[in-house]
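Novice: This is the content of input-v9.cif (mmCIF, C-alpha atoms):
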```
data_query
loop_
_atom_site.label_atom_id
_atom_site.label_comp_id
_atom_site.auth_asym_id
_atom_site.auth_seq_id
_atom_site.Cartn_x
_atom_site.Cartn_y
_atom_site.Cartn_z
CA MET A 23 -3.57 -47.52 -39.05
CA LYS A 24 -1.60 -48.16 -35.86
CA LYS A 25 1.38 -49.34 -37.91
CA ARG A 26 1.34 -46.07 -39.91
CA VAL A 27 1.25 -43.95 -36.72
CA LEU A 28 4.08 -45.96 -35.18
CA ALA A 29 6.12 -45.61 -38.35
CA GLY A 30 5.54 -41.84 -38.33
CA LEU A 31 6.71 -41.54 -34.74
CA LEU A 32 9.86 -43.51 -35.47
CA ILE A 33 10.64 -41.30 -38.45
CA SER A 34 10.22 -38.20 -36.25
CA VAL A 35 12.55 -39.58 -33.62
CA PHE A 36 15.22 -40.41 -36.20
CA ALA A 37 14.85 -36.95 -37.74
CA VAL A 38 15.37 -35.20 -34.39
CA SER A 39 18.38 -37.42 -33.66
CA ALA A 40 19.86 -36.65 -37.06
CA LEU A 41 19.41 -32.91 -36.58
CA ALA A 42 21.05 -33.07 -33.15
CA GLY A 43 23.97 -34.96 -34.66
CA CYS A 44 24.37 -32.44 -37.48
CA GLY A 45 24.66 -29.64 -34.94
CA GLY A 46 27.77 -31.13 -33.35
CA SER A 47 30.21 -28.94 -35.27
CA SER A 48 28.78 -25.72 -33.73
CA SER A 49 28.33 -26.96 -30.17
CA ALA A 50 31.46 -25.23 -28.80
CA PRO A 51 30.43 -21.68 -29.77
CA LYS A 52 26.92 -22.31 -28.52
CA ALA A 53 28.26 -23.66 -25.26
CA THR A 54 30.40 -20.55 -24.86
CA GLU A 55 27.43 -18.31 -25.54
CA ALA A 56 25.33 -20.28 -23.08
CA ALA A 57 28.02 -20.00 -20.42
CA ALA A 58 28.16 -16.23 -20.90
CA ALA A 59 24.39 -16.02 -20.70
CA ASP A 60 24.37 -18.09 -17.52
CA ALA A 61 27.14 -16.06 -15.82
CA GLU A 62 26.05 -14.22 -12.69
CA VAL A 63 26.18 -10.48 -13.27
CA ILE A 64 28.05 -8.11 -10.95
CA THR A 65 27.27 -4.44 -11.58
CA VAL A 66 29.72 -1.86 -10.28
CA ALA A 67 29.62 1.96 -10.41
CA ALA A 68 33.12 3.41 -10.55
CA SER A 69 35.26 6.47 -11.14
CA ALA A 70 37.08 6.34 -14.45
CA THR A 71 40.67 6.39 -13.20
CA PRO A 72 41.97 4.20 -11.70
CA HIS A 73 38.89 2.36 -10.45
CA ALA A 74 37.22 1.41 -13.73
CA GLU A 75 40.60 0.59 -15.25
CA ILE A 76 41.41 -1.79 -12.41
CA LEU A 77 37.97 -3.38 -12.71
CA GLU A 78 38.55 -3.97 -16.42
CA GLN A 79 41.60 -6.07 -15.49
CA ALA A 80 39.43 -8.11 -13.14
CA LYS A 81 36.82 -8.96 -15.80
CA PRO A 82 38.54 -11.96 -17.43
CA ILE A 83 39.53 -13.42 -14.06
CA LEU A 84 35.96 -13.18 -12.79
CA ALA A 85 34.64 -14.58 -16.07
CA GLU A 86 36.64 -17.75 -15.42
CA GLN A 87 34.78 -18.02 -12.12
CA GLY A 88 31.37 -17.64 -13.76
CA TYR A 89 30.78 -13.93 -13.18
CA ASP A 90 29.98 -11.22 -15.72
CA LEU A 91 31.46 -7.99 -14.32
CA GLN A 92 29.70 -4.94 -15.75
CA VAL A 93 31.30 -1.57 -15.01
CA THR A 94 29.66 1.84 -15.42
CA VAL A 95 31.74 5.00 -15.09
CA PHE A 96 30.34 7.93 -13.10
CA ASN A 97 31.69 11.45 -12.69
CA GLY A 98 31.41 12.89 -9.21
CA TYR A 99 30.93 11.26 -5.83
CA VAL A 100 27.20 11.36 -5.07
CA GLN A 101 25.45 9.31 -7.74
CA PRO A 102 27.58 6.15 -7.36
CA ASN A 103 26.39 5.87 -3.76
CA GLU A 104 22.80 6.67 -4.63
CA VAL A 105 22.55 3.90 -7.23
CA VAL A 106 23.90 1.30 -4.81
CA GLU A 107 21.55 2.48 -2.06
CA ALA A 108 18.65 2.18 -4.53
CA GLY A 109 19.63 -1.37 -5.47
CA GLU A 110 20.35 -0.42 -9.09
CA PHE A 111 23.99 -1.54 -8.76
CA ASP A 112 25.60 -4.27 -6.67
CA ALA A 113 28.56 -2.19 -5.57
CA ASN A 114 30.65 0.87 -6.20
CA TYR A 115 34.38 1.47 -6.25
CA PHE A 116 35.49 5.08 -5.96
CA GLN A 117 35.60 6.19 -2.33
CA HIS A 118 37.50 5.88 0.92
CA ILE A 119 36.04 4.96 4.30
CA PRO A 120 35.79 8.47 5.84
CA TYR A 121 33.82 9.68 2.82
CA LEU A 122 31.59 6.60 2.98
CA GLU A 123 30.88 7.16 6.67
CA SER A 124 30.28 10.87 6.14
CA PHE A 125 27.89 10.17 3.25
CA ASN A 126 25.90 7.69 5.34
CA ALA A 127 25.64 10.18 8.19
CA GLU A 128 24.54 13.04 5.95
CA LYS A 129 22.23 11.14 3.59
CA GLY A 130 20.88 8.39 5.86
CA THR A 131 22.15 5.71 3.50
CA HIS A 132 23.09 2.14 4.46
CA LEU A 133 26.36 1.49 2.66
CA VAL A 134 29.19 -0.59 4.10
CA ASN A 135 32.79 -1.45 3.29
CA ALA A 136 33.10 -4.88 1.65
CA GLY A 137 36.89 -4.72 1.28
CA GLY A 138 39.78 -2.27 1.01
CA ILE A 139 41.55 -2.35 -2.38
CA HIS A 140 43.99 0.55 -2.70
CA TYR A 141 44.84 4.03 -1.51
CA GLU A 142 45.84 7.14 -3.43
CA PRO A 143 48.31 9.59 -1.90
CA PHE A 144 46.91 13.12 -1.79
CA GLY A 145 49.23 15.64 -3.38
CA ILE A 146 49.82 19.32 -4.03
CA TYR A 147 50.42 19.93 -7.75
CA PRO A 148 51.56 22.94 -9.76
CA GLY A 149 49.11 25.27 -11.39
CA THR A 150 50.45 28.55 -12.68
CA LYS A 151 53.34 28.22 -10.23
CA LYS A 152 55.81 25.36 -10.27
CA ASP A 153 57.19 25.35 -6.73
CA LEU A 154 55.79 26.00 -3.27
CA SER A 155 58.60 28.47 -2.65
CA GLU A 156 56.93 30.74 -5.21
CA VAL A 157 53.79 31.19 -3.12
CA ALA A 158 52.75 34.84 -2.83
CA ASP A 159 50.07 36.90 -1.12
CA GLY A 160 46.62 36.31 -2.54
CA ASP A 161 47.47 33.12 -4.43
CA VAL A 162 44.53 30.83 -5.14
CA ILE A 163 44.71 27.12 -4.28
CA ALA A 164 41.96 24.78 -5.48
CA VAL A 165 40.82 22.00 -3.12
CA PRO A 166 37.97 19.43 -3.18
CA ASN A 167 34.75 20.71 -1.63
CA ASP A 168 33.43 17.45 -0.13
CA THR A 169 33.84 17.15 3.63
CA THR A 170 36.57 14.58 4.14
CA ASN A 171 38.62 15.38 1.04
CA GLU A 172 38.64 19.09 1.82
CA ALA A 173 39.94 18.33 5.31
CA ARG A 174 42.61 16.09 3.86
CA ALA A 175 43.70 18.81 1.45
CA LEU A 176 43.83 21.45 4.19
CA LEU A 177 45.85 19.15 6.44
CA LEU A 178 48.37 18.62 3.65
CA LEU A 179 48.63 22.39 3.14
CA GLN A 180 49.17 22.77 6.87
CA ASP A 181 51.86 20.07 6.87
CA ASN A 182 53.72 22.10 4.26
CA GLY A 183 53.58 25.36 6.18
CA LEU A 184 51.06 27.18 4.00
CA LEU A 185 48.41 27.66 6.69
CA THR A 186 47.45 26.62 10.21
CA LEU A 187 44.21 24.95 11.26
CA LYS A 188 42.39 25.11 14.55
CA GLU A 189 43.71 22.50 16.94
CA GLY A 190 41.67 19.31 16.79
CA ALA A 191 39.94 20.15 13.50
CA GLY A 192 41.31 16.94 12.00
CA LEU A 193 39.25 15.13 9.40
CA GLU A 194 36.37 17.58 9.78
CA ALA A 195 38.44 20.66 8.99
CA THR A 196 37.00 23.31 6.66
CA VAL A 197 38.21 26.72 5.52
CA ASN A 198 36.45 28.11 8.60
CA ASP A 199 39.03 26.31 10.75
CA ILE A 200 41.98 28.21 9.27
CA THR A 201 43.51 30.22 12.11
CA GLU A 202 46.69 31.43 10.41
CA ASN A 203 47.04 32.33 6.75
CA PRO A 204 50.27 34.32 6.39
CA HIS A 205 50.00 34.61 2.61
CA ASN A 206 46.29 35.44 2.60
CA LEU A 207 45.74 32.45 0.37
CA LYS A 208 42.35 32.09 -1.25
CA ILE A 209 41.07 28.52 -0.96
CA GLN A 210 38.84 27.74 -3.94
CA GLU A 211 36.48 24.88 -3.09
CA LEU A 212 35.44 22.84 -6.13
CA GLU A 213 33.97 19.44 -6.85
CA ALA A 214 36.98 17.12 -7.09
CA ALA A 215 36.28 16.22 -10.72
CA GLN A 216 36.44 19.90 -11.72
CA ILE A 217 39.82 20.69 -10.16
CA PRO A 218 41.92 19.33 -13.07
CA HIS A 219 40.14 21.82 -15.32
CA VAL A 220 41.40 24.88 -13.38
CA VAL A 221 45.09 23.96 -13.30
CA GLY A 222 45.90 26.85 -15.63
CA GLU A 223 43.91 29.34 -13.55
CA VAL A 224 45.17 28.87 -9.97
CA ALA A 225 48.59 28.83 -8.33
CA PHE A 226 48.33 25.26 -7.02
CA VAL A 227 45.82 22.41 -6.88
CA VAL A 228 45.38 19.73 -4.25
CA LEU A 229 44.22 16.44 -5.74
CA ASN A 230 43.61 12.85 -4.78
CA GLY A 231 45.37 10.25 -6.91
CA ASN A 232 42.72 9.39 -9.49
CA TYR A 233 42.08 13.00 -10.48
CA ALA A 234 45.81 13.71 -10.53
CA LEU A 235 46.14 10.90 -13.08
CA GLU A 236 43.28 12.28 -15.14
CA ALA A 237 44.99 15.68 -15.13
CA GLY A 238 48.13 14.05 -16.50
CA PHE A 239 50.19 14.41 -13.33
CA SER A 240 52.75 11.90 -12.12
CA VAL A 241 52.87 11.58 -8.33
CA SER A 242 56.57 10.80 -8.32
CA LYS A 243 57.57 13.47 -10.85
CA ASP A 244 55.03 16.30 -10.62
CA SER A 245 53.75 16.52 -7.05
CA LEU A 246 55.24 19.29 -4.94
CA ALA A 247 54.30 17.43 -1.77
CA TYR A 248 52.27 14.32 -1.02
CA GLU A 249 51.28 11.91 1.74
CA SER A 250 53.87 9.24 2.38
CA SER A 251 52.88 5.61 1.92
CA ASP A 252 53.29 4.84 5.61
CA SER A 253 51.32 7.84 6.81
CA GLU A 254 48.19 7.51 8.91
CA ALA A 255 46.30 9.39 6.20
CA ALA A 256 47.20 6.78 3.59
CA LYS A 257 45.89 4.03 5.85
CA THR A 258 42.77 5.97 6.72
CA TYR A 259 41.85 6.78 3.15
CA VAL A 260 41.92 3.30 1.66
CA ASN A 261 39.53 3.02 -1.31
CA VAL A 262 36.92 0.31 -0.85
CA ILE A 263 34.26 -1.74 -2.55
CA ALA A 264 31.05 -0.40 -1.05
CA VAL A 265 27.73 -2.29 -1.02
CA TYR A 266 24.31 -2.03 0.56
CA GLU A 267 24.43 -3.29 4.13
CA GLY A 268 23.94 -7.05 4.28
CA ASN A 269 25.35 -7.74 0.81
CA GLU A 270 29.01 -7.68 1.82
CA ASN A 271 29.02 -11.44 2.46
CA SER A 272 27.35 -12.49 -0.78
CA ASP A 273 29.35 -14.91 -2.92
CA LYS A 274 29.70 -12.54 -5.84
CA ILE A 275 30.89 -9.62 -3.74
CA LYS A 276 33.42 -11.85 -1.99
CA ALA A 277 34.61 -13.05 -5.40
CA LEU A 278 34.94 -9.47 -6.64
CA VAL A 279 36.98 -8.38 -3.61
CA ASP A 280 39.20 -11.47 -3.73
CA VAL A 281 40.07 -10.86 -7.37
CA LEU A 282 40.78 -7.17 -6.81
CA LYS A 283 43.20 -8.14 -4.03
CA SER A 284 44.83 -10.91 -6.06
CA ASP A 285 48.48 -10.98 -7.08
CA ALA A 286 47.54 -10.30 -10.70
CA ILE A 287 45.67 -7.09 -9.91
CA THR A 288 48.32 -6.00 -7.39
CA GLN A 289 50.96 -6.36 -10.09
CA TYR A 290 48.85 -4.41 -12.57
CA ILE A 291 48.44 -1.52 -10.11
CA ASN A 292 52.13 -1.39 -9.30
CA ASP A 293 53.13 -1.51 -12.96
CA THR A 294 50.62 1.06 -14.16
CA TYR A 295 50.19 4.02 -11.82
CA ASP A 296 53.65 5.35 -10.97
CA GLY A 297 52.95 5.45 -7.23
CA ALA A 298 49.66 7.33 -7.59
CA VAL A 299 47.77 4.17 -6.65
CA ILE A 300 49.09 1.70 -4.07
CA PRO A 301 47.55 -1.73 -3.30
CA PHE A 302 46.16 -1.93 0.21
CA GLU A 303 47.32 -4.74 2.45
CA ASP A 304 45.03 -5.68 5.35
#
```
Before we go any further, please render this structure as structure tokens.

Specialist:
Amino acid sequence: MKKRVLAGLLISVFAVSALAGCGGSSSAPKATEAAAADAEVITVAASATPHAEILEQAKPILAEQGYDLQVTVFNGYVQPNEVVEAGEFDANYFQHIPYLESFNAEKGTHLVNAGGIHYEPFGIYPGTKKDLSEVADGDVIAVPNDTTNEARALLLLQDNGLLTLKEGAGLEATVNDITENPHNLKIQELEAAQIPHVVGEVAFVVLNGNYALEAGFSVSKDSLAYESSDSEAAKTYVNVIAVYEGNENSDKIKALVDVLKSDAITQYINDTYDGAVIPFED
């Protein structure tokens, strides 16, 4: 009886060994699948252009480092911050520091800058009129309605002689701070994502780089005026990876930022966006 049991056990062992040996030809695909399954996930909420596009270029580089970068595109500026605050996403990539700070102050959120990646020159673009010299009484100019971007738009209009703001209004300027408006311009405040849709209805639009791209504008060819690359505004409005406070030093967030600042991604940005997106150098 004992001999029969022992014989059965030996047969089972040999059978398992044989099956393992037969599986050798498919071990590479299985190993690849296992590696993908074991990769640490990084979830990022992003604007479509250029943020999600840049992140897509980072995916294969991060995959080589053992990370699975998952990107979800959001329209608008509020929800990407809310989902990071709630812990539903690891990070977001769509905003500059003044907007981040303003959002925290207004909403009581706890988001921090994990690394500056690029900046996007703000520009004035043609609507129904093709040159600023054509401006006339009562013309409508569309600008973003969120606090910091509206101020930035108004400052650019001021720099080009279209209006004058109250002294010291700076990055908190609103339409209420306009002190001189010689052409009686009507400033139409819209959510940034909606401005490209009214290009055919207003004289001019003021857009940040990603929405200019989405509207089909070239910064170098179509803008009537824009912030220079060495301006204080360009340095102030660097777009960042934002995370919940305390997560900025995690390994995966550091890996994400390092890849986005790598030579490969820098080259992609420079080759792709015609000056509408410029890599940020610390």

Novice: I'd like to see the residues matched by the PyMOL selection byres ((chain A and resi 139) around 6) on this file, and ideally I'd get them as a list in words.

Specialist: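 Checking the PyMOL selection byres ((chain A and resi 139) around 6) against this file, the residues are Gly138, His140, Asn261, Val262 and Phe302 of chain A.
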
Novice: Got a sec: who's within 12 Å of region 133-136 of chain A, counting all atoms listed in the file, leaving out chain neighbours fewer than 3 positions off, as number ranges by chain?

Specialist: A: 102-109, 112-127, 129-130, 139, 260-280, 282

Novice: Once you have the residues from the selection above, write them out as a CSV table (one decimal), in the frame of the given file, restricted to C-alpha atoms.

Specialist:
```csv
chain,number,residue,atom,x,y,z
A,102,PRO,CA,27.6,6.2,-7.4
A,103,ASN,CA,26.4,5.9,-3.8
A,104,GLU,CA,22.8,6.7,-4.6
A,105,VAL,CA,22.6,3.9,-7.2
A,106,VAL,CA,23.9,1.3,-4.8
A,107,GLU,CA,21.6,2.5,-2.1
A,108,ALA,CA,18.6,2.2,-4.5
A,109,GLY,CA,19.6,-1.4,-5.5
A,112,ASP,CA,25.6,-4.3,-6.7
A,113,ALA,CA,28.6,-2.2,-5.6
A,114,ASN,CA,30.6,0.9,-6.2
A,115,TYR,CA,34.4,1.5,-6.2
A,116,PHE,CA,35.5,5.1,-6.0
A,117,GLN,CA,35.6,6.2,-2.3
A,118,HIS,CA,37.5,5.9,0.9
A,119,ILE,CA,36.0,5.0,4.3
A,120,PRO,CA,35.8,8.5,5.8
A,121,TYR,CA,33.8,9.7,2.8
A,122,LEU,CA,31.6,6.6,3.0
A,123,GLU,CA,30.9,7.2,6.7
A,124,SER,CA,30.3,10.9,6.1
A,125,PHE,CA,27.9,10.2,3.2
A,126,ASN,CA,25.9,7.7,5.3
A,127,ALA,CA,25.6,10.2,8.2
A,129,LYS,CA,22.2,11.1,3.6
A,130,GLY,CA,20.9,8.4,5.9
A,139,ILE,CA,41.6,-2.4,-2.4
A,260,VAL,CA,41.9,3.3,1.7
A,261,ASN,CA,39.5,3.0,-1.3
A,262,VAL,CA,36.9,0.3,-0.8
A,263,ILE,CA,34.3,-1.7,-2.6
A,264,ALA,CA,31.0,-0.4,-1.0
A,265,VAL,CA,27.7,-2.3,-1.0
A,266,TYR,CA,24.3,-2.0,0.6
A,267,GLU,CA,24.4,-3.3,4.1
A,268,GLY,CA,23.9,-7.0,4.3
A,269,ASN,CA,25.4,-7.7,0.8
A,270,GLU,CA,29.0,-7.7,1.8
A,271,ASN,CA,29.0,-11.4,2.5
A,272,SER,CA,27.4,-12.5,-0.8
A,273,ASP,CA,29.4,-14.9,-2.9
A,274,LYS,CA,29.7,-12.5,-5.8
A,275,ILE,CA,30.9,-9.6,-3.7
A,276,LYS,CA,33.4,-11.8,-2.0
A,277,ALA,CA,34.6,-13.0,-5.4
A,278,LEU,CA,34.9,-9.5,-6.6
A,279,VAL,CA,37.0,-8.4,-3.6
A,280,ASP,CA,39.2,-11.5,-3.7
A,282,LEU,CA,40.8,-7.2,-6.8
```

Novice: As a check of understanding, name the residues that the PyMOL selection byres ((chain A and resi 230) around 7) selects in the supplied structure, as a list in words.

Specialist: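 This file gives the following for the PyMOL selection byres ((chain A and resi 230) around 7): Glu142, Pro143, Phe144, Gly145, Leu229, Gly231, Asn232, Tyr233 and Ala234 of chain A.
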
Novice: In Å, with one decimal, what is the gap from CA of Ala67 (chain A) to CA of Thr131 (chain A)?

Specialist: 16.2 Å

Novice: Out of A:Ile146, A:Ala80, A:Leu207, A:Leu212, which residue has the shortest atom-to-atom distance to Asn167 (chain A) when counting all atoms listed in the file?

Specialist: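 Residue with the minimum atom-to-atom distance to Asn167 (chain A): A:Leu212.
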
Novice: For Ile217 (chain A), find every residue with an atom within 8 Å (counting all atoms listed in the file), except residues of its own chain fewer than 4 positions away, and show them as a list of chain:residue names.

Specialist: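 Result of the neighbour search: A:Ala164, A:Val165, A:Pro166, A:Leu212, A:Glu213, A:Val221, A:Val227, A:Leu229.
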
Novice: For C-alpha atoms, I'd like the residues from the last selection saved as a PDB file, in the coordinates of the input.

Specialist:
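Wrote it out as again-v1.pdb, contents follow:
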```pdb
ATOM      1  CA  ALA A 164      41.960  24.780  -5.480  1.00  0.00           C
ATOM      2  CA  VAL A 165      40.820  22.000  -3.120  1.00  0.00           C
ATOM      3  CA  PRO A 166      37.970  19.430  -3.180  1.00  0.00           C
ATOM      4  CA  LEU A 212      35.440  22.840  -6.130  1.00  0.00           C
ATOM      5  CA  GLU A 213      33.970  19.440  -6.850  1.00  0.00           C
ATOM      6  CA  VAL A 221      45.090  23.960 -13.300  1.00  0.00           C
ATOM      7  CA  VAL A 227      45.820  22.410  -6.880  1.00  0.00           C
ATOM      8  CA  LEU A 229      44.220  16.440  -5.740  1.00  0.00           C
TER       9      LEU A 229
END
```

Novice: Smallest atom-to-atom distance to Glu223 (chain A): which of A:Asp168, A:Asp161, A:Glu75, A:Asp244, using all atoms listed in the file?

Specialist: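 Nearest candidate to Glu223 (chain A) out of A:Asp168, A:Asp161, A:Glu75, A:Asp244: A:Asp161.
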
Novice: I need the residue set behind the PyMOL selection byres ((chain A and resi 175) around 12) for this file; please write it as number ranges by chain.

Specialist: A: 143-147, 163-174, 176-182, 184-185, 187, 192-197, 209-212, 214, 226-230, 247-249, 255

Novice: Rank A:Gly238, A:Asp285, A:Ala74, A:Val299 by their smallest atom-to-atom distance to Pro148 (chain A), using all atoms listed in the file, and report the top residue only.

Specialist: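 Of A:Gly238, A:Asp285, A:Ala74, A:Val299, the one nearest Pro148 (chain A) is A:Gly238, counting all atoms listed in the file.
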
Novice: May I ask for the distance between CA of Ala298 (chain A) and CA of Glu236 (chain A), given in Å to one decimal place?

Specialist: 11.1 Å

Novice: Any idea what the distance is between CA of Gly222 (chain A) and CA of Asn97 (chain A)?

Specialist: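 Here the two named atoms are 21.2 Å from each other.
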
Novice: Go ahead and fit an axis-aligned box to every listed atom of region 89-104 of chain A plus 3 Å each side, and pass me the centre and edge lengths in Å, one decimal, as lines of an AutoDock Vina configuration file.

Specialist:
```
center_x = 27.3
center_y = -0.5
center_z = -9.8
size_x = 14.9
size_y = 32.8
size_z = 18.0
```

Novice: For Phe96 (chain A), which residue among A:His73, A:Lys81, A:Lys283, A:Lys208 is the nearest when counting only C-alpha atoms?

Specialist: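 Under the stated criterion, the closest residue is A:His73.
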
Novice: With distances taken over all atoms listed in the file, which of A:Val281, A:Lys188, A:Gln87, A:Thr288 is nearest to Ile200 (chain A)?

Specialist: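 Closest to Ile200 (chain A), using all atoms listed in the file: A:Lys188.
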
Novice: Considering only C-alpha atoms, can you say which of A:Val66, A:Ala225, A:Leu154, A:Ala85 comes closest to Phe111 (chain A)?

Specialist: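 Result for the nearest residue to Phe111 (chain A): A:Val66.
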